[in-house]
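Undergrad: Handing you a structure now.
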Amino acid sequence: MKDENYTIKDIARMAGVSAGTVDRVLHNRGNVSASSREKVQSVLDKINYLPNMFAIGLAAKKRYRIVCLIPYYIMYDYWYSVAQGIEKAARELQPFNVETVFLYYKHADRASYREACEQLLADKPDAVLIAPNFEEETLELTTGLDADAVPYAFIDFNMEQMHASCYIGQDSRMSGYVAAKILMQRYEPGQELVVFLSDQKNSPAEIQMRRRMEGFMEYVNNRFGHLTVYDVVFRKEDTDGNKLILDDFFSAHPHAMLGAVFNSRVYQVAGYLHEAGRRLKGLLGYDLLQKNVDYLRSGEVSCLIGQRPGLQGYLGVKALCDMVVFKKQVEPVKYMPIDILIRETIDYYFEFE
């Protein structure tokens with residue numbers, strides 16, 4: 001229908017109900033029969049009704065509190081970008097009496113994550129944005145939120161069995177599949193492949209990394225079944241030890257010319273290659289950390305997969321606000337693009353206008 005300004009009385013007349021009934025439906029106040037609600041909703045859909053958000057904000061008496069559970073971060077790392085997106089959304093939502101606060105945990109530290117989850121449940125928020133880590137503790141958290149009828153959204157990766165109101169992030173397995181398809185375009189007969197893994201690869205906190213690798217290996221095994229694939233396991237904070245591991249590996253395997261890293265630390269491999277005067281035919285990693293981007297520009301890294309972490313944080317908070325403040329339905333899954341960045345395109349990339 002053409003754009004018009006409809007009053008509550010107009011909608012009531014079109015639906016054949018009272019103005020009070022329309023008001024209760026619009027503000028989700030209950031005491032409306034299913035048939036009356038259906039009549040009103042049918043009219044709202046027909047006229048493409050959108051509420052006056054700023055009027056809602058001015059009239060609102062209730063204050064809403066959204067708690068964002070994410071890992072501690074340092075300047076310009078992945079979670080810093082997530083936090084920047086959350087803060088951007090928070091600024092936009094201030095007129096609607098929405099307060100957005102952070103609750104932090106140490107990534108891959110079960111005790112830290114459990115403590116944060118317990119604190120969150122005690123806090124009694126109106127909605128929660130969760131960057132999930134350990135499955136068991138996340139299940140306990142979401143069970144408590146479900147019992148209190150508190151909506152929650154996941155970002156970064158999804159735990160499908162917990163039925164979050166919304167998930168915003170990449171399809172981790174598909175991103176791994178795409179990563180392999182890109183990297184293997186550089187394959188030449190006789191070459192071998194090495195995947196660089198964290199020594200925490202079997203940790204319950206590393207679900208996303210395992211999903212990426214599963215997708216990656218699905219593509220490789222289906223199309224390059226003959227290919228020799230090696231695993232090299234890194235220690236997260238042991239630079240000297242990792243150098244010895246890589247020295248030994250490349251000395252023993254001179255045909256390993258393609259490499260992949262499934263977390264944000266491809267800069268560790270690239271830094272070694274730079275110092276050692278080596279270069280792979282292709283090296284792929286994840287996330288646009290400044291060190292990763294620097295090695296992409298210099299050529300040690302061939303390709304980076306971007307996840308738009310800032311946009312994940314931003315859209316996560318906005319989705320929760322839509323649910324709890326504006327009583328709107330949201331998409332249960334909002335997949336982020338699988339951004340493929342190479343040296344020639346990195347300078348043109350941005351998340352926000």
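Convention: chains lettered A, B, ... in structure tokens order; per-chain residue numbering from 1; ligands numbered from 1 as shown.
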Hey, could you make a per-residue contact list for stretch 224-326 of chain A against stretch 96-118 of chain A with 9 Å as the cut-off, showing the nearest pair of atoms and its distance in Å to one decimal, counting only C-alpha atoms, sorted by chain and number, as a tab-separated table?

TA:
residue	atom	partner	partner_atom	distance
A:Val317	CA	A:Thr100	CA	8.2
A:Cys321	CA	A:Val98	CA	7.8
A:Val325	CA	A:Phe96	CA	8.0

Undergrad: Mind checking which residues fall within 10 Å of A:Val333, counting only C-alpha atoms, ignoring those fewer than 6 positions away in the same chain, and posting them as a count of residues only?

TA: 11

Undergrad: Give the answer as one residue: which of A:Arg223, A:Arg173, A:Arg13, A:His274 has the shortest atom-to-atom distance to A:Met209, using only C-alpha atoms?

TA: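 Closest residue, counting only C-alpha atoms: A:Arg173.
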
Undergrad: For stretch 280-288 of chain A, please output as a count of residues only all residues within 8 Å (counting only C-alpha atoms; exclusion window: fewer than 6 positions along the same chain).

TA: 23

Undergrad: Would you please extract all strand (DSSP E) residues from stretch 60-289 of chain A, as assigned by DSSP on the backbone, and give them as JSON, numbers by chain?

TA: {"A": [64, 65, 66, 67, 68, 69, 70, 71, 98, 99, 100, 101, 102, 103, 104, 105, 127, 128, 129, 130, 152, 153, 154, 155, 166, 167, 168, 169, 192, 193, 194, 195, 196, 197, 198, 229, 230, 231, 232, 233, 234, 256, 257, 258, 259, 260, 261, 282, 283, 284, 285, 286]}

Undergrad: Mind dumping a table of every stretch 67-110 of chain A residue within 6 Å of stretch 122-134 of chain A, with the nearest atom pair and its distance in Å to one decimal, using only C-alpha atoms, sorted by chain and rising number, as a tab-separated table?

TA:
residue	atom	partner	partner_atom	distance
A:Val67	CA	A:Val128	CA	4.9
A:Cys68	CA	A:Leu129	CA	4.6
A:Leu69	CA	A:Ile130	CA	4.9
A:Ile70	CA	A:Ala131	CA	5.2

Undergrad: Restrict the selected residues to N, CA and C atoms and save them as a PDB file, in the first residue's frame.

TA:
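Just written: selection17.pdb:
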ATOM      1  N   VAL A  67      23.297  -6.942  28.818  1.00  0.00           N
ATOM      2  CA  VAL A  67      24.642  -7.341  29.260  1.00  0.00           C
ATOM      3  C   VAL A  67      25.319  -8.091  28.122  1.00  0.00           C
ATOM      4  N   CYS A  68      26.560  -7.712  27.839  1.00  0.00           N
ATOM      5  CA  CYS A  68      27.330  -8.318  26.749  1.00  0.00           C
ATOM      6  C   CYS A  68      28.482  -9.115  27.335  1.00  0.00           C
ATOM      7  N   LEU A  69      28.426 -10.422  27.186  1.00  0.00           N
ATOM      8  CA  LEU A  69      29.427 -11.338  27.734  1.00  0.00           C
ATOM      9  C   LEU A  69      30.438 -11.673  26.649  1.00  0.00           C
ATOM     10  N   ILE A  70      31.641 -11.098  26.755  1.00  0.00           N
ATOM     11  CA  ILE A  70      32.682 -11.307  25.748  1.00  0.00           C
ATOM     12  C   ILE A  70      34.030 -11.488  26.437  1.00  0.00           C
TER      13      ILE A  70
END

Undergrad: Determine the nearest neighbour of A:Leu93 from the options A:Tyr73, A:Glu140, A:Ser42, A:Tyr64, counting only C-alpha atoms.

TA: A:Tyr64

Undergrad: DSSP on the backbone, alpha helix (DSSP H) only: what residues of stretch 137-245 of chain A does that give? Format it as an MDAnalysis selection string.

TA: chainID A and resid 137:147 172:183 207:223 239:245

Undergrad: Counting only C-alpha atoms, give me one row per residue of stretch 149-196 of chain A with an atom at most 10 Å from an atom of stretch 231-248 of chain A, showing the shortest contact pair and its distance in Å to one decimal, sorted by chain then residue number, as CSV.

TA:
residue,atom,partner,partner_atom,distance
A:Leu193,CA,A:Asp231,CA,8.8
A:Val194,CA,A:Asp231,CA,5.8
A:Val195,CA,A:Asp231,CA,5.1
A:Phe196,CA,A:Val232,CA,4.9

Undergrad: Quote the spacing between atom CA of A:Phe224 and atom CA of A:Gly190 in Å to one decimal place.

TA: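 Going from atom CA of A:Phe224 over to atom CA of A:Gly190, I get 11.8 Å.
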
Undergrad: Tell me which of A:Met159, A:Ala34, A:Ala276, A:Ile8 sits closest to A:Val22, counting only C-alpha atoms.

TA: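 Of the candidates, the smallest distance to A:Val22 is held by A:Ile8.
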
Undergrad: Which residue gives the smallest distance to A:Asp347 among A:Pro151, A:Val293, A:Val25, A:Gln208, with only C-alpha atoms counted?

TA: A:Val293

Undergrad: Using only C-alpha atoms, find the one residue out of A:Glu344, A:Glu331, A:Glu275, A:Asp10 that sits nearest to A:Arg297.

TA: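 The shortest atom-to-atom distance to A:Arg297 comes from A:Glu344.
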